[in-house]
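> My structure file entry31.tsv, TSV, C-alpha atoms, is below:
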chain	number	residue	atom	x	y	z
S	1	MET	CA	180.33	181.72	-58.35
S	2	GLU	CA	177.13	182.66	-60.15
S	3	LEU	CA	174.42	185.00	-59.00
S	4	ALA	CA	170.73	184.50	-59.43
S	5	TRP	CA	167.83	186.21	-57.81
S	6	VAL	CA	164.58	184.76	-56.67
S	7	LEU	CA	161.12	186.28	-56.55
S	8	ASP	CA	158.45	184.58	-54.45
S	9	CYS	CA	155.04	184.74	-56.07
S	10	ALA	CA	151.56	183.22	-56.31
S	11	ASP	CA	151.52	182.64	-60.08
S	12	PRO	CA	154.86	182.08	-61.84
S	13	PRO	CA	153.50	181.80	-65.40
S	14	THR	CA	151.74	185.18	-65.21
S	15	LEU	CA	154.77	186.85	-63.70
S	16	ALA	CA	157.02	185.15	-66.27
S	17	SER	CA	155.27	186.98	-69.09
S	18	PHE	CA	155.76	190.29	-67.34
S	19	TRP	CA	159.37	189.79	-66.28
S	20	ALA	CA	160.55	188.24	-69.52
S	21	GLY	CA	159.25	191.31	-71.31
S	22	ALA	CA	160.55	193.71	-68.67
S	23	LEU	CA	164.10	192.31	-68.66
S	24	GLY	CA	164.36	191.01	-72.23
S	25	TYR	CA	164.80	187.55	-70.77
S	26	THR	CA	163.59	184.14	-71.98
S	27	ALA	CA	161.18	182.14	-69.82
S	28	GLY	CA	161.84	178.44	-69.32
S	29	PRO	CA	159.21	175.78	-68.62
S	30	TYR	CA	157.23	175.82	-65.40
S	31	ARG	CA	158.56	173.03	-63.21
S	32	GLN	CA	156.58	173.64	-60.07
S	33	PRO	CA	157.29	175.49	-57.93
S	34	TYR	CA	160.08	177.04	-60.02
S	35	LEU	CA	160.09	178.95	-63.30
S	36	GLU	CA	163.44	180.19	-64.52
S	37	LEU	CA	164.06	183.24	-66.72
S	38	SER	CA	167.45	183.73	-68.32
S	39	ASP	CA	169.24	186.39	-70.32
S	40	PRO	CA	169.58	185.23	-73.93
S	41	ARG	CA	172.62	187.50	-74.23
S	42	GLY	CA	174.25	185.65	-71.32
S	43	HIS	CA	174.93	188.80	-69.32
S	44	GLY	CA	172.44	189.17	-66.54
S	45	PRO	CA	171.80	186.84	-63.63
S	46	GLU	CA	168.91	184.37	-63.84
S	47	LEU	CA	165.60	185.35	-62.34
S	48	LEU	CA	163.89	182.43	-60.63
S	49	LEU	CA	160.18	182.72	-59.92
S	50	GLN	CA	159.17	180.55	-56.99
S	51	ARG	CA	155.58	179.78	-56.16
S	52	VAL	CA	154.83	180.23	-52.46
S	53	PRO	CA	151.55	180.03	-50.56
S	54	GLU	CA	151.92	183.26	-48.61
S	55	PRO	CA	150.91	186.61	-50.10
S	56	LYS	CA	153.13	189.66	-50.45
S	57	ARG	CA	153.01	191.80	-47.31
S	58	GLY	CA	154.14	195.40	-47.38
S	59	LYS	CA	156.78	197.05	-49.51
S	60	ASN	CA	159.49	194.71	-50.80
S	61	ARG	CA	162.86	195.12	-49.12
S	62	MET	CA	164.68	194.32	-52.36
S	63	HIS	CA	163.64	195.46	-55.82
S	64	VAL	CA	164.95	195.78	-59.36
S	65	ASP	CA	165.90	199.01	-61.12
S	66	LEU	CA	165.70	199.21	-64.91
S	67	ARG	CA	168.03	201.95	-66.16
S	68	VAL	CA	166.85	203.05	-69.59
S	69	GLN	CA	167.13	205.81	-72.15
S	70	ASP	CA	163.44	205.97	-73.09
S	71	GLN	CA	161.43	205.90	-69.88
S	72	ASP	CA	158.02	206.54	-71.45
S	73	THR	CA	158.31	203.62	-73.85
S	74	LYS	CA	159.50	201.29	-71.11
S	75	VAL	CA	156.74	202.28	-68.70
S	76	GLU	CA	154.08	201.85	-71.40
S	77	ARG	CA	155.48	198.43	-72.22
S	78	LEU	CA	155.40	197.35	-68.58
S	79	VAL	CA	151.78	198.42	-68.29
S	80	GLU	CA	150.92	196.51	-71.49
S	81	LEU	CA	152.56	193.46	-69.89
S	82	GLY	CA	150.22	193.69	-66.91
S	83	GLY	CA	152.12	196.08	-64.68
S	84	ARG	CA	150.79	199.17	-62.97
S	85	LEU	CA	152.28	202.66	-62.71
S	86	LEU	CA	152.56	203.45	-59.00
S	87	ARG	CA	154.25	206.82	-59.27
S	88	PRO	CA	154.90	208.80	-62.44
S	89	PRO	CA	158.44	210.02	-63.16
S	90	PHE	CA	159.97	212.33	-60.55
S	91	ASP	CA	163.43	213.72	-59.89
S	92	ASP	CA	165.28	211.60	-57.32
S	93	THR	CA	168.66	213.28	-56.76
S	94	GLY	CA	169.09	213.76	-60.49
S	95	TRP	CA	167.79	210.30	-61.45
S	96	TRP	CA	164.43	210.59	-63.18
S	97	THR	CA	162.49	207.73	-61.59
S	98	ALA	CA	159.11	206.06	-62.13
S	99	HIS	CA	157.71	203.43	-59.76
S	100	VAL	CA	155.93	200.48	-61.33
S	101	ALA	CA	154.42	197.29	-59.90
S	102	ASP	CA	154.38	193.89	-61.55
S	103	PRO	CA	151.05	191.98	-61.76
S	104	GLU	CA	151.42	190.84	-58.14
S	105	GLY	CA	152.42	194.26	-56.83
S	106	ASN	CA	156.18	193.72	-56.65
S	107	GLU	CA	157.79	197.11	-56.99
S	108	LEU	CA	160.38	198.03	-59.61
S	109	CYS	CA	161.82	201.33	-60.75
S	110	VAL	CA	162.30	202.61	-64.28
S	111	ILE	CA	165.06	205.16	-64.21
S	112	VAL	CA	166.82	207.52	-66.58
S	113	PRO	CA	170.33	208.09	-65.21
S	114	PRO	CA	171.59	211.68	-65.16
S	115	ARG	CA	173.62	212.77	-68.16
S	116	PRO	CA	177.38	212.57	-67.41
P	1	MET	CA	169.08	198.96	-70.68
P	2	GLU	CA	170.99	198.15	-67.51
P	3	LEU	CA	169.80	196.25	-64.50
P	4	ALA	CA	170.56	197.08	-60.92
P	5	TRP	CA	168.99	195.90	-57.76
P	6	VAL	CA	168.25	197.80	-54.62
P	7	LEU	CA	168.23	196.65	-51.00
P	8	ASP	CA	166.54	198.85	-48.42
P	9	CYS	CA	168.38	198.88	-45.12
P	10	ALA	CA	169.04	200.73	-41.86
P	11	ASP	CA	172.84	200.86	-42.13
P	12	PRO	CA	174.39	200.87	-45.60
P	13	PRO	CA	178.05	200.89	-44.50
P	14	THR	CA	177.63	197.76	-42.37
P	15	LEU	CA	175.74	195.95	-45.11
P	16	ALA	CA	178.30	197.12	-47.68
P	17	SER	CA	181.03	195.16	-45.91
P	18	PHE	CA	178.90	192.04	-45.91
P	19	TRP	CA	177.63	192.28	-49.48
P	20	ALA	CA	180.95	193.32	-51.02
P	21	GLY	CA	182.48	190.21	-49.51
P	22	ALA	CA	179.52	188.01	-50.36
P	23	LEU	CA	179.40	189.03	-54.03
P	24	GLY	CA	183.05	189.87	-54.66
P	25	TYR	CA	181.94	193.41	-55.38
P	26	THR	CA	183.59	196.77	-54.67
P	27	ALA	CA	181.82	199.24	-52.39
P	28	GLY	CA	181.67	202.88	-53.41
P	29	PRO	CA	181.46	205.86	-51.06
P	30	TYR	CA	178.40	206.40	-48.88
P	31	ARG	CA	176.46	209.27	-50.37
P	32	GLN	CA	173.40	209.21	-48.15
P	33	PRO	CA	171.03	207.58	-48.51
P	34	TYR	CA	172.73	205.51	-51.23
P	35	LEU	CA	175.79	203.26	-51.23
P	36	GLU	CA	176.62	201.53	-54.49
P	37	LEU	CA	178.43	198.21	-54.90
P	38	SER	CA	179.71	197.19	-58.30
P	39	ASP	CA	181.28	194.14	-59.91
P	40	PRO	CA	184.96	194.83	-60.59
P	41	ARG	CA	184.79	192.23	-63.37
P	42	GLY	CA	181.99	194.22	-65.01
P	43	HIS	CA	179.62	191.26	-65.22
P	44	GLY	CA	177.00	191.48	-62.52
P	45	PRO	CA	174.40	194.19	-61.98
P	46	GLU	CA	175.09	196.88	-59.41
P	47	LEU	CA	173.73	196.46	-55.93
P	48	LEU	CA	172.48	199.72	-54.46
P	49	LEU	CA	172.03	199.90	-50.69
P	50	GLN	CA	169.42	202.48	-49.75
P	51	ARG	CA	168.95	203.73	-46.22
P	52	VAL	CA	165.29	203.77	-45.20
P	53	PRO	CA	163.68	204.53	-41.84
P	54	GLU	CA	161.36	201.52	-41.72
P	55	PRO	CA	162.57	198.13	-40.45
P	56	LYS	CA	162.41	194.85	-42.31
P	57	ARG	CA	159.08	193.11	-41.78
P	58	GLY	CA	158.70	189.41	-42.50
P	59	LYS	CA	160.44	187.28	-45.08
P	60	ASN	CA	161.77	189.15	-48.10
P	61	ARG	CA	159.79	188.58	-51.29
P	62	MET	CA	162.97	188.81	-53.38
P	63	HIS	CA	166.35	187.41	-52.45
P	64	VAL	CA	169.74	186.56	-53.91
P	65	ASP	CA	171.06	183.07	-54.60
P	66	LEU	CA	174.82	182.46	-54.62
P	67	ARG	CA	175.59	179.37	-56.68
P	68	VAL	CA	178.97	178.01	-55.59
P	69	GLN	CA	181.20	174.97	-55.73
P	70	ASP	CA	182.39	175.09	-52.11
P	71	GLN	CA	179.39	175.74	-49.93
P	72	ASP	CA	181.10	175.29	-46.57
P	73	THR	CA	183.77	177.88	-47.33
P	74	LYS	CA	181.21	180.35	-48.60
P	75	VAL	CA	178.91	179.95	-45.61
P	76	GLU	CA	181.84	180.34	-43.18
P	77	ARG	CA	182.92	183.48	-45.02
P	78	LEU	CA	179.42	184.97	-44.84
P	79	VAL	CA	179.29	184.32	-41.10
P	80	GLU	CA	182.74	185.94	-40.66
P	81	LEU	CA	181.35	188.96	-42.53
P	82	GLY	CA	178.54	189.31	-40.01
P	83	GLY	CA	175.92	187.00	-41.48
P	84	ARG	CA	174.00	184.28	-39.71
P	85	LEU	CA	173.28	180.71	-40.76
P	86	LEU	CA	169.48	180.31	-40.74
P	87	ARG	CA	169.27	176.77	-42.04
P	88	PRO	CA	172.18	174.38	-42.67
P	89	PRO	CA	172.50	172.73	-46.08
P	90	PHE	CA	169.55	170.57	-47.17
P	91	ASP	CA	168.49	168.92	-50.41
P	92	ASP	CA	166.03	171.12	-52.32
P	93	THR	CA	165.04	169.17	-55.46
P	94	GLY	CA	168.67	168.21	-56.04
P	95	TRP	CA	170.08	171.65	-55.21
P	96	TRP	CA	172.01	171.54	-51.97
P	97	THR	CA	170.87	174.75	-50.27
P	98	ALA	CA	171.83	176.70	-47.14
P	99	HIS	CA	169.86	179.71	-45.89
P	100	VAL	CA	171.87	182.63	-44.56
P	101	ALA	CA	170.90	186.10	-43.34
P	102	ASP	CA	172.90	189.29	-43.78
P	103	PRO	CA	173.55	191.50	-40.70
P	104	GLU	CA	170.05	192.99	-40.97
P	105	GLY	CA	168.32	189.65	-41.50
P	106	ASN	CA	167.91	189.82	-45.28
P	107	GLU	CA	167.79	186.26	-46.50
P	108	LEU	CA	170.09	184.79	-49.13
P	109	CYS	CA	170.76	181.24	-50.27
P	110	VAL	CA	174.10	179.54	-50.81
P	111	ILE	CA	173.54	176.73	-53.27
P	112	VAL	CA	175.53	173.95	-54.89
P	113	PRO	CA	173.86	173.16	-58.22
P	114	PRO	CA	173.33	169.49	-59.07
P	115	ARG	CA	176.05	167.85	-61.14
P	116	PRO	CA	175.07	167.71	-64.84
What does this structure look like when you write it as structure tokens?

Amino acid sequence: MELAWVLDCADPPTLASFWAGALGYTAGPYRQPYLELSDPRGHGPELLLQRVPEPKRGKNRMHVDLRVQDQDTKVERLVELGGRLLRPPFDDTGWWTAHVADPEGNELCVIVPPRP
Amino acid sequence: MELAWVLDCADPPTLASFWAGALGYTAGPYRQPYLELSDPRGHGPELLLQRVPEPKRGKNRMHVDLRVQDQDTKVERLVELGGRLLRPPFDDTGWWTAHVADPEGNELCVIVPPRP
């Protein structure tokens, strides 16, 4: 069995630039309505962007966490890629967490895990 | 950098039973509001269940795809685990796709990829 995850969106090519940079993934061609991003290292599941007509409504029930060492660099990079900082880093039960949105407002977290 | 993904929910222990079975993952202890599921093979990203007060509203913007060989067995298993079949298998651009919901209605797809 293989896992993939799917993100509904209005504009797959724009989101592909953001998510490829965010995840270190490679974007495939846009074969409407699908645009597939894959991990060149072969580790992570595919991310499939799927164009849908309906807009995002309310906070997403599922989101991605990026666990990093250098939070500032990652957050800056995500903003350069078209993202938006929703909430600057704060202490969430020992996990230093920043909330970011992709270009369509889909939430993701950039997190520094607590030291062991 | 490590990836994880987070699913907001009302009842992490109930969803943990479903998702551990669905993904072949191992559920950790419930340390409110978080319950972590991890891949015993060390391949897939962690799934973090997070208890939240607000209910699910509308179709999830992000969902998981399970790509399998035996779709019938997988769908039956998900229903045994407390899931619900939303849409029986249909041909989506060559990918034979069933829509299932977890016990809280979060959508996931069970898919047989096209033969190469």
> Counting all atoms listed in the file, which residues from chain P have an atom at most 8 Å from any atom of chain S, and could you show them as a PyMOL selection string?
chain P and resi 1-9+43-45+56-58+60-69
> I'd like the contact shell of Leu78 of chain S - 12 Å cut-off, all atoms listed in the file, skipping same-chain residues fewer than 6 positions apart - returned as a VMD selection string.
chain S and resid 15 17 to 24 66 71 to 72 84 to 86 98 to 103 107 to 110
> Report the distance between atom CA of Pro53 of chain S and atom CA of Ala16 of chain S in Å, rounded to one decimal place.
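If I compute the distance from atom CA of Pro53 of chain S to atom CA of Ala16 of chain S, I get 17.4 Å.
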> Could you work out an axis-aligned box for segment 83-99 of chain S, taking every atom the file lists and adding 8 Å on each side, and report centre and edge lengths in Å to one decimal, as AutoDock Vina command-line options?

--center_x 159.9 --center_y 204.9 --center_z -60.7 --size_x 34.3 --size_y 33.7 --size_z 23.9
> Given the choices S:Pro40, S:Gly28, S:Pro88, S:Pro113, which gets closest to Val75 of chain S if the distance is worked out from all atoms listed in the file?
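Among the listed residues, the smallest separation from Val75 of chain S belongs to S:Pro88.
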> Please measure the separation of atom CA of Thr26 of chain P and atom CA of Arg41 of chain P, giving the value in Å to one decimal.
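Separating atom CA of Thr26 of chain P from atom CA of Arg41 of chain P is a distance of 9.9 Å.
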> Atom CA of Arg51 of chain S and atom CA of Val79 of chain S, how far apart in Å?
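So the two atoms, atom CA of Val79 of chain S and atom CA of Arg51 of chain S, lie 22.6 Å apart.
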> Using all atoms listed in the file, which protein or nucleic acid residues come within 7 Å of Ala27 of chain P? Drop anything in the same chain fewer than 2 positions from it, and give the result as a PyMOL selection string.
chain P and resi 16+20+25+29+36-38
> Looking at P:Gly94, P:Glu104, P:Arg87, P:Glu80, which one is nearest to Thr14 of chain P, with distances taken over only C-alpha atoms?
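Counting only C-alpha atoms, the residue closest to Thr14 of chain P is P:Glu104.
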